[in-house]
file data-v3.txt (compact mmCIF, C-alpha atoms)
# COMPACT_ATOMS: atom_id res chain seq x y z
CA MET S 237 141.27 131.48 96.96
CA ASN S 238 141.60 135.03 95.57
CA GLN S 239 142.57 133.77 92.11
CA THR S 240 139.82 135.98 90.66
CA ALA S 241 138.34 139.35 91.49
CA ASP S 242 135.05 137.76 92.55
CA SER S 243 135.89 138.52 96.17
CA ALA S 244 137.67 141.83 96.71
CA CYS S 245 137.19 144.56 99.33
CA GLU S 246 133.49 143.61 99.73
CA SER S 247 132.50 147.23 100.26
CA TYR S 248 129.02 146.56 98.92
CA HIS S 249 128.33 144.20 101.83
CA LYS S 250 130.53 145.92 104.43
CA ILE S 251 129.81 149.58 103.78
CA LYS S 252 128.51 150.21 107.31
CA ASP S 253 131.66 148.66 108.78
CA ASP S 254 133.78 150.78 106.45
CA ILE S 255 132.02 153.96 107.50
CA GLN S 256 132.49 153.07 111.15
CA LEU S 257 136.22 152.71 110.49
CA LEU S 258 136.21 156.12 108.78
CA LYS S 259 134.54 157.60 111.85
CA GLU S 260 137.17 156.06 114.14
CA LEU S 261 139.87 157.61 111.93
CA LYS S 262 138.10 160.98 112.37
CA VAL S 263 137.71 161.35 108.59
CA ASN S 264 135.45 164.26 107.69
CA HIS S 265 135.29 163.82 103.88
CA TYR S 266 134.94 160.63 101.86
CA SER S 267 135.37 160.39 98.09
CA PHE S 268 133.75 157.47 96.29
CA SER S 269 132.41 156.75 92.82
CA ILE S 270 128.97 155.65 91.70
CA SER S 271 128.79 152.73 89.28
CA TRP S 272 126.91 153.76 86.14
CA PRO S 273 125.91 150.16 85.22
CA ARG S 274 124.75 149.48 88.79
CA LEU S 275 122.12 152.18 88.36
CA LEU S 276 121.49 151.70 84.64
CA PRO S 277 122.39 148.15 83.56
CA THR S 278 122.19 149.00 79.83
CA GLY S 279 123.57 152.51 80.37
CA ILE S 280 120.37 154.10 79.06
CA LYS S 281 117.99 155.70 81.54
CA SER S 282 114.86 155.18 79.44
CA GLU S 283 115.43 151.41 79.29
CA LYS S 284 115.87 150.35 82.91
CA VAL S 285 116.67 151.88 86.32
CA ASN S 286 117.93 149.57 89.06
CA ARG S 287 116.18 150.80 92.21
CA GLU S 288 118.25 148.48 94.41
CA GLY S 289 121.38 150.27 93.23
CA ILE S 290 119.88 153.64 94.06
CA GLY S 291 118.91 152.27 97.47
CA PHE S 292 122.48 151.15 98.15
CA TYR S 293 123.91 154.61 97.42
CA ASN S 294 121.13 156.30 99.41
CA ASP S 295 122.04 154.14 102.41
CA THR S 296 125.75 154.90 101.92
CA ILE S 297 125.24 158.66 101.70
CA ASN S 298 122.87 158.71 104.67
CA ALA S 299 125.29 156.69 106.80
CA LEU S 300 128.16 159.03 105.92
CA LEU S 301 126.18 162.12 106.84
CA ALA S 302 124.93 160.51 110.05
CA ASN S 303 128.58 160.18 111.05
CA LYS S 304 129.36 163.77 110.04
CA ILE S 305 131.35 162.70 106.96
CA ILE S 306 130.83 164.77 103.81
CA PRO S 307 130.40 162.67 100.63
CA ILE S 308 132.36 163.72 97.54
CA VAL S 309 130.90 161.73 94.66
CA THR S 310 132.53 160.81 91.35
CA LEU S 311 130.12 160.00 88.54
CA TYR S 312 132.59 158.15 86.30
CA TYR S 313 135.69 156.20 87.18
CA TRP S 314 136.08 153.46 84.51
CA ASP S 315 132.52 152.10 84.97
CA LEU S 316 131.18 152.31 81.41
CA PRO S 317 128.18 150.00 80.89
CA GLN S 318 129.35 147.15 78.67
CA ALA S 319 126.29 147.46 76.45
CA LEU S 320 127.30 151.02 75.48
CA GLN S 321 130.81 149.87 74.60
CA GLN S 322 129.60 146.95 72.49
CA LYS S 323 126.74 148.75 70.76
CA TYR S 324 128.20 152.22 70.25
CA GLY S 325 131.96 151.94 70.72
CA GLY S 326 132.01 153.68 74.09
CA TRP S 327 133.73 157.06 74.21
CA GLN S 328 134.51 156.90 70.51
CA ASN S 329 130.85 157.76 69.95
CA ILE S 330 129.41 161.22 70.55
CA SER S 331 126.14 159.65 71.74
CA MET S 332 127.91 158.92 75.06
CA THR S 333 127.53 162.59 75.98
CA ARG S 334 123.73 162.29 75.95
CA TYR S 335 123.63 159.01 77.83
CA PHE S 336 126.11 160.28 80.41
CA LYS S 337 124.05 163.44 80.98
CA ASP S 338 120.91 161.33 81.53
CA TYR S 339 122.80 159.17 84.03
CA ALA S 340 124.12 162.26 85.83
CA ASP S 341 120.61 163.75 86.00
CA LEU S 342 119.41 160.53 87.63
CA CYS S 343 122.16 160.90 90.26
CA PHE S 344 121.35 164.57 90.88
CA GLU S 345 117.66 163.71 91.20
CA SER S 346 118.30 160.77 93.55
CA PHE S 347 121.16 162.06 95.72
CA GLY S 348 121.60 165.79 95.06
CA ASP S 349 119.59 166.88 98.09
CA ARG S 350 122.47 165.52 100.23
CA VAL S 351 125.52 165.43 97.93
CA LYS S 352 127.01 168.88 97.35
CA HIS S 353 130.31 168.01 95.67
CA TRP S 354 130.22 166.19 92.33
CA ILE S 355 133.20 165.05 90.22
CA THR S 356 132.17 164.17 86.67
CA PHE S 357 135.30 162.24 85.64
CA SER S 358 138.31 161.04 87.59
CA ASN S 359 141.53 160.82 85.56
CA PRO S 360 140.08 161.17 82.05
CA TRP S 361 143.67 161.15 80.71
CA ALA S 362 143.96 157.45 81.53
CA ILE S 363 140.46 156.69 80.26
CA ALA S 364 141.36 158.17 76.87
CA GLU S 365 145.03 157.28 76.42
CA GLU S 366 145.22 153.91 78.17
CA GLY S 367 141.71 152.84 77.24
CA TYR S 368 141.61 153.79 73.56
CA GLU S 369 145.23 154.24 72.38
CA THR S 370 147.43 151.65 74.06
CA GLY S 371 144.66 149.37 75.34
CA ARG S 372 146.42 148.90 78.68
CA HIS S 373 143.16 149.50 80.53
CA ALA S 374 139.46 149.03 79.85
CA PRO S 375 138.04 148.81 77.26
CA GLY S 376 141.43 147.65 75.98
CA LEU S 377 141.26 149.14 72.48
CA LYS S 378 144.42 149.92 70.48
CA LEU S 379 143.15 152.69 68.22
CA GLY S 380 146.27 154.84 68.19
CA SER S 381 146.49 158.43 69.33
CA GLY S 382 143.49 159.38 67.18
CA GLY S 383 141.39 157.09 69.35
CA ALA S 384 142.67 158.75 72.53
CA TYR S 385 142.10 162.28 71.22
CA LYS S 386 138.60 161.40 70.03
CA ALA S 387 137.64 159.80 73.37
CA ALA S 388 138.96 162.82 75.27
CA HIS S 389 137.04 165.17 72.97
CA HIS S 390 133.78 163.41 73.78
CA ILE S 391 134.58 163.24 77.51
CA ILE S 392 135.14 167.00 77.60
CA LYS S 393 131.80 167.57 75.87
CA ALA S 394 130.08 165.13 78.23
CA HIS S 395 131.44 167.00 81.25
CA ALA S 396 130.14 170.29 79.85
CA GLU S 397 126.71 168.76 79.20
CA VAL S 398 126.47 167.60 82.82
CA TRP S 399 127.64 170.96 84.20
CA HIS S 400 125.05 172.85 82.13
CA SER S 401 122.33 170.41 83.14
CA TYR S 402 123.14 170.94 86.81
CA GLN S 403 123.28 174.69 86.27
CA LYS S 404 119.88 174.74 84.58
CA LYS S 405 117.88 172.19 86.56
CA TRP S 406 119.49 171.52 89.94
CA ARG S 407 121.84 174.21 91.24
CA ARG S 408 119.27 176.67 92.57
CA GLN S 409 117.55 174.01 94.63
CA GLN S 410 120.53 171.85 95.64
CA GLN S 411 123.31 174.48 95.93
CA GLY S 412 126.07 172.03 94.98
CA LEU S 413 129.31 172.16 92.98
CA VAL S 414 130.30 170.25 89.85
CA GLY S 415 133.97 169.78 89.00
CA ILE S 416 136.42 167.34 87.46
CA SER S 417 139.47 165.50 88.77
CA LEU S 418 142.55 165.47 86.52
CA HIS S 419 145.73 163.47 86.95
CA SER S 420 149.20 164.76 86.20
CA ALA S 421 152.77 164.29 87.29
CA TRP S 422 154.83 167.46 87.65
CA GLY S 423 157.29 168.17 84.84
CA GLU S 424 160.40 170.02 86.06
CA PRO S 425 162.84 171.49 83.49
CA ILE S 426 166.06 169.52 83.80
CA ASP S 427 167.97 172.79 83.37
CA LEU S 428 166.14 175.86 84.69
CA SER S 429 168.60 178.14 82.91
CA SER S 430 167.77 176.58 79.55
CA LYS S 431 164.96 178.30 77.69
CA THR S 432 164.44 175.14 75.65
CA ASP S 433 164.03 172.91 78.71
CA VAL S 434 161.63 175.40 80.31
CA GLU S 435 159.51 175.44 77.14
CA VAL S 436 159.57 171.62 76.90
CA ALA S 437 158.45 171.26 80.53
CA GLU S 438 155.60 173.67 79.81
CA ARG S 439 154.66 171.51 76.83
CA TYR S 440 154.67 168.43 79.06
CA MET S 441 152.20 170.05 81.46
CA GLN S 442 149.94 171.29 78.68
CA PHE S 443 149.77 167.83 77.11
CA SER S 444 148.80 166.30 80.48
CA LEU S 445 146.80 168.80 82.57
CA GLY S 446 146.11 171.30 79.80
CA TRP S 447 144.59 168.66 77.51
CA PHE S 448 141.44 168.74 79.67
CA ALA S 449 141.78 171.82 81.88
CA ASN S 450 142.36 174.36 79.14
CA PRO S 451 139.15 173.60 77.19
CA LEU S 452 137.06 173.61 80.37
CA TYR S 453 138.53 176.87 81.68
CA HIS S 454 139.45 178.71 78.48
CA GLY S 455 137.41 177.04 75.73
CA ASP S 456 140.02 175.25 73.63
CA TYR S 457 142.99 172.91 73.63
CA PRO S 458 146.39 174.42 74.53
CA GLY S 459 148.02 176.14 71.56
CA VAL S 460 151.19 174.10 71.89
CA MET S 461 149.19 170.87 71.80
CA LYS S 462 147.36 171.89 68.63
CA GLU S 463 150.67 172.92 67.08
CA TYR S 464 152.58 169.71 67.82
CA VAL S 465 149.78 167.26 67.03
CA GLY S 466 149.07 169.19 63.83
CA LYS S 467 152.73 169.10 62.85
CA LYS S 468 153.10 165.35 63.43
CA SER S 469 149.81 164.68 61.62
CA ALA S 470 151.03 166.69 58.63
CA GLU S 471 154.03 164.35 58.45
CA GLN S 472 151.50 161.56 57.95
CA GLY S 473 149.78 163.55 55.23
CA ILE S 474 146.51 163.76 57.18
CA PRO S 475 144.55 166.50 58.98
CA SER S 476 145.33 166.94 62.66
CA ARG S 477 144.47 163.90 64.75
CA LEU S 478 143.40 166.31 67.50
CA PRO S 479 139.71 167.17 66.91
CA ALA S 480 138.67 170.81 66.77
CA PHE S 481 135.93 172.56 68.71
CA SER S 482 133.52 174.79 66.81
CA VAL S 483 133.03 178.38 67.98
CA GLN S 484 129.71 177.39 69.55
CA GLU S 485 131.32 174.42 71.33
CA LYS S 486 134.14 176.59 72.68
CA ASN S 487 131.64 178.98 74.21
CA TYR S 488 129.60 176.07 75.58
CA ILE S 489 132.44 174.24 77.34
CA LYS S 490 134.32 177.32 78.60
CA GLY S 491 133.91 177.92 82.32
CA THR S 492 132.10 174.66 83.09
CA VAL S 493 134.10 173.92 86.26
CA ASP S 494 133.18 174.86 89.83
CA PHE S 495 136.36 173.29 91.20
CA LEU S 496 139.38 171.40 89.91
CA GLY S 497 140.51 168.15 91.51
CA ILE S 498 144.17 167.18 91.17
CA SER S 499 145.37 163.59 91.41
CA HIS S 500 149.15 163.69 91.70
CA PHE S 501 151.65 160.92 92.36
CA THR S 502 155.15 161.80 91.21
CA THR S 503 157.52 164.14 89.34
CA TYR S 504 159.83 163.88 86.32
CA TYR S 505 162.64 165.99 84.95
CA ILE S 506 161.78 167.00 81.39
CA SER S 507 164.09 167.65 78.48
CA GLN S 508 163.91 167.94 74.70
CA LYS S 509 164.54 164.73 72.78
CA SER S 510 167.82 164.80 70.87
CA TYR S 511 166.07 163.26 67.85
CA ALA S 512 162.55 163.18 66.46
CA PRO S 513 160.95 159.95 67.73
CA PRO S 514 159.38 157.70 65.09
CA GLY S 515 155.67 156.98 65.02
CA TRP S 516 152.57 159.04 65.67
CA THR S 517 151.43 158.41 69.24
CA TYR S 518 150.38 160.70 72.06
CA PHE S 519 153.89 160.34 73.49
CA THR S 520 155.74 161.02 70.25
CA ASP S 521 153.47 164.02 69.62
CA ARG S 522 154.90 165.60 72.79
CA ASN S 523 158.47 165.12 71.51
CA LEU S 524 160.17 165.10 74.92
CA VAL S 525 161.86 162.77 77.38
CA GLU S 526 161.03 162.06 81.05
CA LEU S 527 163.93 161.51 83.47
CA VAL S 528 164.20 160.73 87.19
CA ASP S 529 166.81 161.56 89.81
CA PRO S 530 168.31 158.29 91.12
CA ARG S 531 168.45 159.89 94.57
CA TRP S 532 164.67 160.16 94.77
CA PRO S 533 163.14 157.55 97.12
CA GLU S 534 161.54 154.69 95.19
CA SER S 535 158.28 152.89 95.90
CA GLY S 536 156.89 149.50 95.05
CA SER S 537 156.02 150.73 91.54
CA ARG S 538 158.83 151.34 89.07
CA TRP S 539 157.27 154.59 87.82
CA LEU S 540 156.56 156.08 91.26
CA TYR S 541 159.11 158.23 93.12
CA SER S 542 158.65 160.34 96.22
CA VAL S 543 159.13 163.99 95.22
CA PRO S 544 157.09 166.14 97.64
CA TRP S 545 158.17 169.48 96.20
CA GLY S 546 156.59 168.51 92.86
CA PHE S 547 153.14 168.74 94.43
CA ARG S 548 153.80 172.34 95.46
CA ARG S 549 155.00 173.14 91.95
CA ILE S 550 151.88 171.73 90.33
CA LEU S 551 149.63 173.84 92.58
CA ASN S 552 151.57 176.94 91.57
CA PHE S 553 151.21 175.96 87.91
CA VAL S 554 147.43 175.55 88.26
CA LYS S 555 147.20 178.97 89.87
CA VAL S 556 149.29 180.71 87.21
CA ALA S 557 147.29 179.00 84.44
CA SER S 558 144.06 180.27 86.09
CA TRP S 559 142.69 176.73 86.31
CA HIS S 560 140.96 177.22 89.64
CA HIS S 561 138.00 178.90 91.32
CA GLN S 562 137.51 180.20 94.85
CA VAL S 563 135.49 177.65 96.80
CA ALA S 564 135.69 176.11 100.26
CA ASP S 565 138.87 174.25 101.19
CA ILE S 566 138.16 170.53 100.88
CA CYS S 567 140.46 167.54 100.84
CA SER S 568 139.25 164.02 100.10
CA SER S 569 140.57 160.86 101.73
CA SER S 570 142.09 159.68 98.45
CA SER S 571 144.95 161.10 96.42
CA GLN S 572 142.73 163.85 95.10
CA LEU S 573 142.83 167.45 96.22
CA LEU S 574 140.22 170.02 95.34
CA VAL S 575 142.43 172.91 94.32
CA THR S 576 141.08 176.17 95.66
CA GLU S 577 142.21 179.75 96.01
CA PRO S 578 142.28 179.74 99.84
CA LEU S 579 144.27 176.49 99.88
CA ALA S 580 146.77 177.70 97.30
CA THR S 581 147.13 181.00 99.16
CA HIS S 582 147.63 179.16 102.45
CA MET S 583 150.32 176.88 101.02
CA GLU S 584 152.00 179.85 99.36
CA MET S 585 152.07 181.69 102.69
CA VAL S 586 153.49 178.66 104.50
CA THR S 587 156.25 177.93 101.98
CA GLU S 588 157.15 181.47 100.97
CA ILE S 589 156.59 183.47 104.18
CA VAL S 590 156.25 181.33 107.29
CA VAL S 591 159.07 178.85 106.61
CA PRO S 592 161.70 181.51 105.70
CA THR S 593 160.64 183.61 108.69
CA VAL S 594 160.94 180.71 111.12
CA PHE S 595 164.30 179.76 109.60
CA THR S 596 165.59 183.33 110.04
CA LEU S 597 164.36 183.46 113.66
CA CYS S 598 166.13 180.16 114.39
CA ILE S 599 169.39 181.60 113.05
CA LEU S 600 169.00 184.76 115.16
CA ILE S 601 168.19 182.79 118.30
CA SER S 602 171.19 180.54 117.69
CA ALA S 603 173.42 183.58 117.26
CA VAL S 604 172.18 185.13 120.53
CA LEU S 605 172.69 181.86 122.42
CA LEU S 606 176.18 181.56 120.97
CA LEU S 607 177.05 185.11 122.10
CA LEU S 608 175.75 184.40 125.59
CA LEU S 609 177.77 181.19 125.72
CA LEU S 610 180.96 182.98 124.63
CA ARG S 611 180.46 185.73 127.22
CA LYS S 612 179.97 183.11 129.93
CA HIS S 613 183.28 181.42 129.04
CA GLN S 614 185.09 184.82 129.03

call {"tool": "encode", "arguments": {"input": "data-v3.txt", "output": "structure tokens"}}
result
Amino acid sequence: MNQTADSACESYHKIKDDIQLLKELKVNHYSFSISWPRLLPTGIKSEKVNREGIGFYNDTINALLANKIIPIVTLYYWDLPQALQQKYGGWQNISMTRYFKDYADLCFESFGDRVKHWITFSNPWAIAEEGYETGRHAPGLKLGSGGAYKAAHHIIKAHAEVWHSYQKKWRRQQQGLVGISLHSAWGEPIDLSSKTDVEVAERYMQFSLGWFANPLYHGDYPGVMKEYVGKKSAEQGIPSRLPAFSVQEKNYIKGTVDFLGISHFTTYYISQKSYAPPGWTYFTDRNLVELVDPRWPESGSRWLYSVPWGFRRILNFVKVASWHHQVADICSSSSQLLVTEPLATHMEMVTEIVVPTVFTLCILISAVLLLLLLRKHQ
């Protein structure tokens, strides 16, 4: 029993029970992903549409709304139709942008009258780096950093295609939002007084969050990323492994985000490597080292440490980098947070105004009580 994944959470058969549990927990938002191959078995809309799959998601969305739970829907979370991987090479092929847009349009057409919050990709960093460089995750290809950069390039273009399609065909009628959810740890300079460590920590964040956020908000990859990948590629005697956007592409992808989702788990201290690491991978391109404080609470995973203040730091970083838009405050029931101006402002007020004020009042009250106590004894 349970030796395979044939029987897992059984959400397909128990979705009504799951939604009832959500209602009992008083959940008001629920984030879930749609399976591309469940709707389009071959991945191509013109070949076959599975109406039973559409019926399942219609029932799910209707049941959520009937229980006053807002659906937040992800279009892509690892579910690439196998036929597209085998026939075209998956995200190594630019044709994925067209097929993904067609799939997204089918979702907007089928569910957009009720779904108002769409996430195109969840954690594209892992899809690109772990799927096409190291092969640790699906589709398990070991194509080197060039494979990761190429996959990411096409994912960014695919996101922009979907955003423009929604803008042109669906937004006026459906009044929804289209964003993306990016994953990143927080990179803290190991020595805040060191200009080098501060610059290296900035490089860490640009290689993780900036890899996807900067093109979508500002039209191009971070300058430091282009510089370091270009430098390491030159050592190989080849052009930069990081693809370049044309002027037209920069204008097309810039500003194609209605909200930014952040998936955040942990924090690292960042420092410059004392030597140039060998090889030409995504990690050696960054040319830095990640460290942890042994005093941080550990979890069941060797890479995961509890560092709550890192989450606050990453929100500040997103705000300073102008990777956010002002939309309604929304939090999903997963690890994702839709980063918004009101939320960032609220957290800033709590941590920078309310907490110090309360702390000061506590000190003053303690001082008054102490004086009263001393007078009583005299």

call {"tool": "residues_around", "arguments": {"input": "data-v3.txt", "residues": "stretch 542-548 of chain S", "least_positions_apart": "5", "cutoff": "10 Å", "atoms": "all atoms listed in the file", "output": "MDAnalysis selection string"}}
result
chainID S and resid 420:424 498:504 529 531:535 553 580 583:584 587

call {"tool": "closest_residue", "arguments": {"input": "data-v3.txt", "among": "S:Cys245, S:Leu257, S:Arg477, S:Val309", "to": "S:Ile270", "atoms": "all atoms listed in the file"}}
result
S:Val309

call {"tool": "closest_residue", "arguments": {"input": "data-v3.txt", "among": "S:Ala384, S:Leu540, S:Ala396, S:Ala319", "to": "S:Leu478", "atoms": "only C-alpha atoms"}}
result
S:Ala384

call {"tool": "atom_distance", "arguments": {"input": "data-v3.txt", "atom1": "atom CA of S:Asn264", "atom2": "atom CA of S:Ile306"}}
result
6.1 Å

call {"tool": "atom_distance", "arguments": {"input": "data-v3.txt", "atom1": "atom CA of S:Ser444", "atom2": "atom CA of S:His419"}}
result
7.7 Å

call {"tool": "residues_around", "arguments": {"input": "data-v3.txt", "residues": "S:Tyr324", "least_positions_apart": "5", "cutoff": "12 Å", "atoms": "only C-alpha atoms", "output": "ChimeraX atom specification"}}
result
/S:278-280,316-319,329-333,335

call {"tool": "atom_distance", "arguments": {"input": "data-v3.txt", "atom1": "atom CA of S:Phe344", "atom2": "atom CA of S:Ser269"}}
result
13.7 Å

call {"tool": "closest_atom_pairs", "arguments": {"input": "data-v3.txt", "of": "stretch 431-529 of chain S", "to": "stretch 412-416 of chain S", "cutoff": "12 Å", "atoms": "only C-alpha atoms", "output": "tab-separated table"}}
result
residue	atom	partner	partner_atom	distance
S:Leu445	CA	S:Ile416	CA	11.6
S:Phe448	CA	S:Ile416	CA	9.4
S:Ala449	CA	S:Ile416	CA	8.9
S:Leu452	CA	S:Ile416	CA	9.5
S:Tyr453	CA	S:Gly415	CA	11.2
S:Gly491	CA	S:Gly415	CA	10.5
S:Thr492	CA	S:Gly415	CA	7.9
S:Val493	CA	S:Gly415	CA	5.0
S:Asp494	CA	S:Gly415	CA	5.2
S:Phe495	CA	S:Gly415	CA	4.8
S:Leu496	CA	S:Ile416	CA	5.6
S:Gly497	CA	S:Ile416	CA	5.8
S:Ile498	CA	S:Ile416	CA	8.6
S:Ser499	CA	S:Ile416	CA	10.5

call {"tool": "closest_residue", "arguments": {"input": "data-v3.txt", "among": "S:Gly291, S:Lys323, S:Leu300, S:Phe443", "to": "S:Glu365", "atoms": "all atoms listed in the file"}}
result
S:Phe443

call {"tool": "closest_residue", "arguments": {"input": "data-v3.txt", "among": "S:Ala388, S:Pro277, S:Gln508, S:Ala340", "to": "S:His400", "atoms": "only C-alpha atoms"}}
result
S:Ala340
